[in-house]
Every structure is written in C-alpha cells, then in structure tokens.
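Novice: Data file data08.cif (mmCIF, C-alpha atoms) is appended below.
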```
data_upload
#
loop_
_atom_site.label_atom_id
_atom_site.label_comp_id
_atom_site.auth_asym_id
_atom_site.auth_seq_id
_atom_site.Cartn_x
_atom_site.Cartn_y
_atom_site.Cartn_z
CA ILE A 1 -97.09 67.02 -60.74
CA LEU A 2 -98.74 66.97 -64.19
CA THR A 3 -102.15 68.43 -63.39
CA ILE A 4 -101.59 71.65 -65.38
CA PRO A 5 -101.44 69.94 -68.81
CA GLU A 6 -104.61 68.05 -67.89
CA GLY A 7 -106.24 71.41 -67.24
CA MET A 8 -105.02 72.50 -70.68
CA GLY A 9 -106.77 69.58 -72.36
CA LEU A 10 -104.24 66.75 -72.48
CA GLU A 11 -105.19 63.31 -71.19
CA LEU A 12 -102.84 61.61 -68.73
CA GLU A 13 -102.51 57.88 -68.23
CA PHE A 14 -100.37 55.68 -66.02
CA ALA A 15 -99.14 52.93 -68.30
CA LYS A 16 -97.74 49.75 -66.78
CA GLY A 17 -93.99 49.66 -67.25
CA LYS A 18 -93.93 53.15 -68.77
CA GLY A 19 -95.10 55.42 -65.97
CA MET A 20 -96.93 58.68 -66.60
CA ARG A 21 -97.57 59.79 -70.16
CA PHE A 22 -100.05 61.81 -72.18
CA ILE A 23 -101.96 59.84 -74.77
CA ASN A 24 -102.44 62.95 -76.96
CA PRO A 25 -99.02 64.70 -76.81
CA ILE A 26 -98.10 67.79 -78.80
CA LYS A 27 -95.91 66.80 -81.75
CA GLU A 28 -95.70 70.01 -83.77
CA PRO A 29 -96.61 73.69 -83.30
CA GLN A 30 -100.09 73.37 -84.80
CA ASP A 31 -100.96 71.07 -81.88
CA LEU A 32 -100.63 74.05 -79.54
CA ARG A 33 -103.89 75.41 -80.94
CA ARG A 34 -105.90 72.69 -79.23
CA LEU A 35 -104.58 73.64 -75.79
CA ASP A 36 -106.39 75.93 -73.39
CA THR A 37 -103.76 78.40 -72.17
CA ASN A 38 -106.03 80.75 -70.23
CA PRO A 39 -104.93 80.76 -66.56
CA ASP A 40 -108.46 81.36 -65.27
CA SER A 41 -110.09 78.46 -67.10
CA VAL A 42 -107.15 76.10 -66.48
CA THR A 43 -107.20 76.74 -62.74
CA ARG A 44 -111.00 76.35 -62.71
CA ARG A 45 -110.58 72.85 -64.12
CA LEU A 46 -108.14 72.15 -61.31
CA ALA A 47 -110.53 73.31 -58.59
CA TYR A 48 -110.53 69.79 -57.13
CA VAL A 49 -106.90 70.39 -56.05
CA MET A 50 -107.99 73.49 -54.14
CA ASP A 51 -110.85 71.57 -52.57
CA CYS A 52 -108.37 68.95 -51.38
CA LEU A 53 -106.12 71.63 -49.92
CA LYS A 54 -108.97 73.24 -48.03
CA ALA A 55 -110.20 69.88 -46.75
CA SER A 56 -106.69 68.86 -45.67
CA LYS A 57 -106.15 72.19 -43.92
CA ALA A 58 -109.44 71.87 -42.07
CA LYS A 59 -108.69 68.28 -41.06
CA LEU A 60 -105.25 69.21 -39.72
CA LYS A 61 -106.74 72.07 -37.71
CA SER A 62 -109.59 69.97 -36.32
CA GLU A 63 -107.16 67.31 -35.10
CA GLY A 64 -104.85 69.86 -33.49
CA TYR A 65 -101.90 69.51 -35.84
CA SER A 66 -99.70 72.55 -36.44
CA ILE A 67 -97.68 71.40 -39.43
CA PRO A 68 -97.17 73.06 -42.81
CA LEU A 69 -99.18 71.97 -45.82
CA ILE A 70 -97.00 71.78 -48.94
CA GLY A 71 -98.35 72.68 -52.36
CA PHE A 72 -96.44 71.78 -55.49
CA SER A 73 -96.19 71.68 -59.25
CA ALA A 74 -93.82 70.52 -61.92
CA ALA A 75 -91.70 73.28 -63.47
CA PRO A 76 -92.26 74.44 -67.07
CA TRP A 77 -89.57 72.30 -68.73
CA THR A 78 -90.78 69.12 -67.04
CA LEU A 79 -94.37 69.94 -67.99
CA PHE A 80 -93.36 70.71 -71.57
CA ALA A 81 -91.26 67.56 -71.89
CA TYR A 82 -94.11 65.32 -70.75
CA MET A 83 -96.50 67.19 -73.05
CA THR A 84 -94.30 66.32 -76.04
CA GLY A 85 -94.30 62.63 -75.11
CA ASP A 86 -91.12 62.48 -73.02
CA SER A 87 -90.89 60.74 -69.65
CA ILE A 88 -88.33 59.67 -67.07
CA ARG A 89 -87.52 56.69 -69.29
CA GLU A 90 -87.91 58.19 -72.76
CA LYS A 91 -86.48 61.58 -73.73
CA GLY A 92 -85.73 63.56 -76.86
CA ASN A 93 -89.02 65.00 -78.08
CA ALA A 94 -88.77 68.27 -76.15
CA GLN A 95 -85.16 68.76 -77.24
CA ARG A 96 -86.27 68.27 -80.86
CA TRP A 97 -88.73 71.12 -80.37
CA CYS A 98 -85.88 73.35 -79.17
CA SER A 99 -83.90 72.76 -82.35
CA GLU A 100 -86.77 72.65 -84.87
CA TYR A 101 -89.25 75.10 -83.31
CA PRO A 102 -87.26 77.36 -80.96
CA GLU A 103 -89.67 80.31 -80.99
CA ASP A 104 -92.70 78.10 -80.42
CA THR A 105 -90.81 76.43 -77.57
CA ARG A 106 -90.07 79.78 -75.94
CA CYS A 107 -93.72 80.76 -76.34
CA ILE A 108 -95.14 77.62 -74.72
CA MET A 109 -92.51 77.76 -71.97
CA ARG A 110 -93.61 81.30 -71.08
CA THR A 111 -97.24 80.19 -71.16
CA LEU A 112 -96.46 77.29 -68.84
CA SER A 113 -94.58 79.65 -66.51
CA ASP A 114 -97.67 81.86 -66.28
CA LEU A 115 -99.86 78.83 -65.60
CA VAL A 116 -97.56 77.51 -62.87
CA VAL A 117 -97.64 80.90 -61.13
CA ALA A 118 -101.43 81.03 -61.37
CA TYR A 119 -101.83 77.44 -60.17
CA LEU A 120 -99.46 77.81 -57.22
CA SER A 121 -101.00 81.15 -56.30
CA GLU A 122 -104.38 79.42 -56.05
CA GLN A 123 -102.82 76.74 -53.87
CA ILE A 124 -101.44 79.39 -51.52
CA ASN A 125 -104.79 81.18 -51.44
CA ASN A 126 -106.48 77.90 -50.50
CA GLY A 127 -104.23 76.84 -47.64
CA ALA A 128 -100.77 75.81 -48.86
CA ASP A 129 -98.16 77.08 -46.38
CA VAL A 130 -95.11 76.13 -48.45
CA ILE A 131 -94.60 75.64 -52.19
CA GLN A 132 -92.26 73.24 -53.97
CA VAL A 133 -91.48 73.29 -57.69
CA PHE A 134 -90.08 70.13 -59.28
CA GLU A 135 -87.86 70.29 -62.36
CA SER A 136 -87.79 66.51 -62.47
CA LEU A 137 -86.42 66.23 -66.02
CA GLY A 138 -83.82 68.98 -65.69
CA GLY A 139 -80.95 66.52 -65.73
CA GLY A 140 -81.87 65.07 -69.09
CA ILE A 141 -80.99 68.15 -71.14
CA SER A 142 -77.82 69.98 -72.10
CA GLY A 143 -76.63 73.01 -70.21
CA GLN A 144 -77.39 75.13 -73.27
CA ILE A 145 -81.03 74.09 -73.37
CA MET A 146 -81.34 74.53 -69.62
CA LEU A 147 -79.90 78.04 -69.71
CA GLU A 148 -81.75 79.15 -72.84
CA PHE A 149 -85.19 77.60 -72.39
CA ALA A 150 -85.75 76.12 -68.94
CA LEU A 151 -83.90 78.15 -66.33
CA PRO A 152 -85.28 81.62 -67.24
CA GLU A 153 -88.86 80.44 -66.69
CA LEU A 154 -88.05 78.53 -63.51
CA ALA A 155 -86.30 81.59 -62.08
CA ARG A 156 -89.20 83.78 -63.18
CA ILE A 157 -91.61 81.61 -61.20
CA GLY A 158 -89.51 82.02 -58.06
CA ALA A 159 -89.19 85.78 -58.45
CA THR A 160 -92.89 86.28 -59.23
CA LEU A 161 -94.17 84.16 -56.35
CA LYS A 162 -91.73 85.69 -53.88
CA GLU A 163 -92.91 89.15 -54.85
CA LYS A 164 -96.57 88.15 -54.48
CA TYR A 165 -96.14 86.10 -51.31
CA PRO A 166 -92.96 87.22 -49.54
CA ASN A 167 -93.75 85.22 -46.40
CA VAL A 168 -94.45 81.89 -48.14
CA PRO A 169 -91.35 79.65 -48.27
CA LEU A 170 -90.48 78.48 -51.79
CA MET A 171 -88.65 75.22 -52.43
CA VAL A 172 -87.21 73.97 -55.72
CA PHE A 173 -85.68 70.73 -56.97
CA ALA A 174 -83.79 70.85 -60.27
CA ARG A 175 -83.02 67.15 -60.39
CA GLY A 176 -79.76 66.39 -62.15
CA ALA A 177 -79.09 70.09 -62.75
CA ASN A 178 -77.88 71.36 -59.41
CA TYR A 179 -75.54 73.81 -61.13
CA VAL A 180 -78.55 76.13 -61.51
CA ASN A 181 -79.17 76.35 -57.74
CA PRO A 182 -77.20 79.59 -57.20
CA THR A 183 -79.38 81.26 -59.86
CA LEU A 184 -82.52 79.89 -58.22
CA GLN A 185 -81.32 81.18 -54.86
CA ARG A 186 -80.98 84.65 -56.38
CA ALA A 187 -84.45 84.34 -57.92
CA GLY A 188 -86.09 83.97 -54.51
CA PHE A 189 -86.28 80.27 -53.71
CA ASP A 190 -85.76 79.80 -49.97
CA VAL A 191 -84.87 76.09 -50.22
CA VAL A 192 -82.85 74.37 -52.95
CA THR A 193 -82.89 70.59 -53.07
CA LEU A 194 -79.73 68.63 -53.81
CA ASP A 195 -79.79 65.26 -55.54
CA SER A 196 -77.68 62.35 -54.38
CA ASP A 197 -74.91 63.05 -56.89
CA THR A 198 -74.26 66.57 -55.62
CA ASP A 199 -71.06 67.40 -53.78
CA ILE A 200 -72.48 69.20 -50.75
CA SER A 201 -69.32 71.16 -49.93
CA GLU A 202 -69.03 72.51 -53.47
CA MET A 203 -72.70 73.48 -53.58
CA LEU A 204 -72.57 75.24 -50.22
CA GLY A 205 -69.59 77.21 -51.50
CA ALA A 206 -71.42 78.19 -54.68
CA LEU A 207 -74.50 79.27 -52.73
CA LYS A 208 -72.42 81.27 -50.27
CA GLU A 209 -70.76 83.20 -53.12
CA THR A 210 -74.14 84.60 -54.20
CA GLU A 211 -75.93 84.92 -50.86
CA TRP A 212 -75.07 88.62 -50.64
CA ILE A 213 -77.63 89.37 -53.36
CA ARG A 214 -80.54 88.39 -51.09
CA GLY A 215 -78.72 88.80 -47.80
CA LYS A 216 -79.02 85.13 -46.87
CA ARG A 217 -78.18 81.68 -48.16
CA SER A 218 -80.99 79.37 -49.19
CA CYS A 219 -81.65 76.40 -46.97
CA ILE A 220 -80.62 73.11 -48.55
CA GLN A 221 -82.69 69.96 -48.71
CA GLY A 222 -81.37 66.46 -49.34
CA ASN A 223 -79.31 64.62 -50.25
CA PHE A 224 -79.21 61.13 -48.73
CA ASP A 225 -78.80 58.40 -51.34
CA PRO A 226 -81.99 56.27 -51.27
CA LYS A 227 -80.05 53.27 -52.61
CA LEU A 228 -78.59 52.90 -49.14
CA LEU A 229 -82.08 52.38 -47.71
CA ILE A 230 -82.61 49.55 -50.16
CA GLU A 231 -79.19 47.91 -50.18
CA GLY A 232 -77.35 49.21 -47.11
CA SER A 233 -76.98 47.90 -43.58
CA MET A 234 -78.08 49.88 -40.54
CA GLU A 235 -74.43 50.56 -39.78
CA GLY A 236 -73.81 51.83 -43.30
CA ILE A 237 -76.92 53.99 -43.20
CA THR A 238 -75.89 55.52 -39.88
CA GLU A 239 -72.39 56.30 -41.15
CA ALA A 240 -73.79 57.88 -44.33
CA VAL A 241 -76.18 60.09 -42.35
CA GLU A 242 -73.34 61.21 -40.10
CA ARG A 243 -71.19 62.09 -43.13
CA MET A 244 -74.07 64.05 -44.65
CA LEU A 245 -74.64 66.03 -41.46
CA GLU A 246 -70.91 66.67 -41.09
CA ALA A 247 -70.86 68.18 -44.58
CA THR A 248 -74.05 70.23 -44.22
CA GLY A 249 -74.13 71.14 -40.56
CA THR A 250 -77.43 70.97 -38.70
CA GLN A 251 -78.66 74.50 -39.46
CA ASP A 252 -80.51 75.59 -42.61
CA LEU A 253 -80.92 71.93 -43.54
CA ILE A 254 -83.95 69.80 -44.36
CA ALA A 255 -82.61 66.26 -44.14
CA ASN A 256 -84.20 64.33 -46.95
CA LEU A 257 -83.50 61.89 -49.75
CA GLY A 258 -81.62 62.98 -52.85
CA SER A 259 -84.24 61.43 -55.15
CA GLY A 260 -87.51 59.57 -55.02
CA LEU A 261 -87.80 55.84 -54.39
CA MET A 262 -89.67 55.29 -57.69
CA GLY A 263 -92.16 52.94 -56.03
CA THR A 264 -89.50 50.64 -54.61
CA ASN A 265 -90.39 48.57 -51.56
CA ILE A 266 -87.73 49.09 -48.91
CA PRO A 267 -86.94 47.16 -45.74
CA LEU A 268 -87.60 48.22 -42.18
CA SER A 269 -84.33 50.17 -42.07
CA ASP A 270 -86.27 53.17 -43.43
CA LYS A 271 -88.00 53.45 -40.05
#
```
Could you take the file, read its structure, and then write that structure out as structure tokens?
Specialist:
Amino acid sequence: ILTIPEGMGLELEFAKGKGMRFINPIKEPQDLRRLDTNPDSVTRRLAYVMDCLKASKAKLKSEGYSIPLIGFSAAPWTLFAYMTGDSIREKGNAQRWCSEYPEDTRCIMRTLSDLVVAYLSEQINNGADVIQVFESLGGGISGQIMLEFALPELARIGATLKEKYPNVPLMVFARGANYVNPTLQRAGFDVVTLDSDTDISEMLGALKETEWIRGKRSCIQGNFDPKLLIEGSMEGITEAVERMLEATGTQDLIANLGSGLMGTNIPLSDK
C-alpha cells in the first residue's frame, strides 16, 4: 500500500520486528522539497504496477475466470504517517506535524490526495475492476485530526473517482475510525469496511440515516474477528459467523475479516 511514496523518492524497507518503514522519512517541511509530487512522473515510476494489472487481467481471461480484479492504495493520512516515520507499532510523528506545521501538513495531504487519485485512475485504466482505499492508521489519531486533516482528503478521493468512473465500485477501510463511514458513504464509496470492534447494528443505523443523500446505503464489508480463527473452536467460529450474519443480514454484505492477520499462521479452521 506504500508504493506512492516510493514513486515520490522515498526508500521503503521491511525491517525484521519493525515492519514497513521508510529509511529516509520527512522530518520537517524543508524535506518536502526532495519529493517528486508530479502525478505524471510518480505514476510513470509505478508503471510496473500497471504491467502487473494488465498481466493479471490477461491471465484471468485466458484461463476463463470471470472475477473482479481489485486495485488499491493507502489513503493520504496513512501514506503521510509512514512518510514521517510512523508505523503500525510506532506513532506520533505525523501528529507532531499537525501541531507544529499545520499548513505544510494540509499541503502535503492535498498533494497525496491528488497522487492517490492519479494512481488509482491508472489502475482502473489498466484493468482494475474495483478499487479499495486503506486508511490503515486512521485509528491512531484523535477525532480532531481525523476531521481536520485526514477525512476531507479521503472523502475527496471517493467523490473524485466516483465522478470519473461512476461504474467502478469503490471500497474503503478506515481502520479504527469507523465513525467516519457515513461521511465516506456520502462521498461516493460503495463499500465501507467495518473493523472487528464495530457495533454492526449501530453502524447500519448511522449509514441508513444518510443513505437518502445518494439514494442507497453502502454495502458493508467485515467484520469477523480474526482472533477467533487463531484461538477459537469450530463451534465458536460457527456461532460467531451466525451472529454476524444475523446482525448484518445476507444482502449488501461482503463477509470478511475485521482486520488483517498480520502474518499470523492459523490452523485449518480457516478453511
């Protein structure tokens, strides 16, 4: 999900015990000058992604599969946070930017929003049937920062892509910040993903209250707790799935996990 900053000139590494991180993060506004922010040149550097999409699409067609190919990107706040040196395990740098350099933060967030739109547009043009945007670090910030810095750009991405590609389904996952899903529904996202901590009934009610704006409620995706796959019995897993389906119904639902497995090996119960 962090290909865009690589296209901008940052170098990504996968450090043992630390996960993904950039070895040359931006620490102060003058560091922004070394970044390439031109959508055309950034997407050119990411041409290998488009080649993979085209090759995957051709392979699926040649083997007779009629299944959607999903393109994706991290959302602006998640990109920005990683660019400042944050990660799933270590946070705080991006929030410091918001307090010390608010205007520079707004500027780079808008730039990242433009780049995400350009990048995902190229994915659609090269074979992606569906798009998903991941705000993976959305739960690590205050509501104020989310509403002031992150949410406007995430919503802008949904609205812009929906206007450009009205027939391409858009999915979004604001992990740990599901309170923004009604706004994302209004922005044009067709699917909102719920994490495992979300009360499904409450979220369905909130989405229904705003569905009149677009004339339909967004489909929901999620939100089975992956811990049950690791620790639970088959009986417990079955009961949990039944409870989830009872809460969501079987329509306008993509049954999925409420978070990733983070590389965990799980037993055969996942089959």
Novice: Which residues match the PyMOL selection byres ((chain A and resi 71-88) around 8) in the file above, as a short mmCIF file (atom, residue, chain, number, x, y, z; two decimals) with C-alpha atoms, in the frame of the given file?
Specialist:
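Final output, saved to result20.cif:
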```cif
data_model
loop_
_atom_site.label_atom_id
_atom_site.label_comp_id
_atom_site.auth_asym_id
_atom_site.auth_seq_id
_atom_site.Cartn_x
_atom_site.Cartn_y
_atom_site.Cartn_z
CA ILE A 1 -97.09 67.02 -60.74
CA LEU A 2 -98.74 66.97 -64.19
CA THR A 3 -102.15 68.43 -63.39
CA ILE A 4 -101.59 71.65 -65.38
CA PRO A 5 -101.44 69.94 -68.81
CA LEU A 10 -104.24 66.75 -72.48
CA GLY A 19 -95.10 55.42 -65.97
CA MET A 20 -96.93 58.68 -66.60
CA ARG A 21 -97.57 59.79 -70.16
CA PHE A 22 -100.05 61.81 -72.18
CA PRO A 25 -99.02 64.70 -76.81
CA ILE A 26 -98.10 67.79 -78.80
CA LYS A 27 -95.91 66.80 -81.75
CA LEU A 69 -99.18 71.97 -45.82
CA ILE A 70 -97.00 71.78 -48.94
CA ARG A 89 -87.52 56.69 -69.29
CA GLU A 90 -87.91 58.19 -72.76
CA LYS A 91 -86.48 61.58 -73.73
CA GLY A 92 -85.73 63.56 -76.86
CA ASN A 93 -89.02 65.00 -78.08
CA ALA A 94 -88.77 68.27 -76.15
CA ILE A 108 -95.14 77.62 -74.72
CA MET A 109 -92.51 77.76 -71.97
CA LEU A 112 -96.46 77.29 -68.84
CA SER A 113 -94.58 79.65 -66.51
CA VAL A 116 -97.56 77.51 -62.87
CA LEU A 120 -99.46 77.81 -57.22
CA GLN A 123 -102.82 76.74 -53.87
CA ILE A 124 -101.44 79.39 -51.52
CA ALA A 128 -100.77 75.81 -48.86
CA ASP A 129 -98.16 77.08 -46.38
CA VAL A 130 -95.11 76.13 -48.45
CA ILE A 131 -94.60 75.64 -52.19
CA GLN A 132 -92.26 73.24 -53.97
CA VAL A 133 -91.48 73.29 -57.69
CA PHE A 134 -90.08 70.13 -59.28
CA GLU A 135 -87.86 70.29 -62.36
CA SER A 136 -87.79 66.51 -62.47
CA LEU A 137 -86.42 66.23 -66.02
CA GLY A 138 -83.82 68.98 -65.69
CA PHE A 149 -85.19 77.60 -72.39
CA ALA A 150 -85.75 76.12 -68.94
CA GLU A 153 -88.86 80.44 -66.69
CA LEU A 154 -88.05 78.53 -63.51
#
```
Novice: Which of these residues is nearest to Gln95 in chain A, using all atoms listed in the file: A:Gln185, A:Asn24, A:Asn256, A:Gln144?
Specialist: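 Of A:Gln185, A:Asn24, A:Asn256, A:Gln144, the one nearest Gln95 in chain A, counting all atoms listed in the file, is A:Gln144.
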Novice: Using all atoms listed in the file, find the one residue out of A:Phe173, A:Trp212, A:Tyr179, A:Tyr119 that sits nearest to Leu46 in chain A.
Specialist: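 Of the candidates, the smallest distance to Leu46 in chain A is held by A:Tyr119.
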Novice: List as a list in words the protein and nucleic acid residues near Ser121 in chain A, meaning an atom at most 9 Å away when only C-alpha atoms are counted, but skip any in the same chain fewer than 3 places from it.
Specialist: Val116, Val117, Ala118, Ile124, Asn125, Asn126, Leu161, Lys164 and Tyr165 of chain A
Novice: Which residues, written as a PyMOL selection string, have at least one atom at most 6 Å from range 223-225 of chain A, with all atoms listed in the file counted and residues fewer than 2 positions away on the same chain left out?
Specialist: chain A and resi 194-196+227-228+256-258
Novice: So the first atom is CA of Ala47 in chain A and the second is CA of Phe189 in chain A; what is the distance between them in Å, to one decimal place?
Specialist: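 One can read the CA of Ala47 in chain A to CA of Phe189 in chain A distance as 25.7 Å.
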Novice: Go through the shown structure with the PyMOL selection byres ((chain A and resi 236-246) around 12) and write out the matching residues as a ChimeraX atom specification.
Specialist: /A:194,196,198-201,220-235,247-258,269-271
Novice: What separation in Å, quoted to one decimal, exists between CA of Thr210 in chain A and CA of Pro182 in chain A?
Specialist: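 Going from CA of Thr210 in chain A over to CA of Pro182 in chain A, I get 6.6 Å.
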Novice: So how far away is CA of Val49 in chain A from CA of Gly9 in chain A, in Å?
Specialist: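 CA of Val49 in chain A lies at a distance of 16.3 Å from CA of Gly9 in chain A.
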Novice: Using all atoms listed in the file, which residue out of A:Met50, A:Ile213, A:Met8, A:Ala174 lies closest to Ser259 in chain A?
Specialist: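 Closest to Ser259 in chain A of all the choices is A:Ala174.
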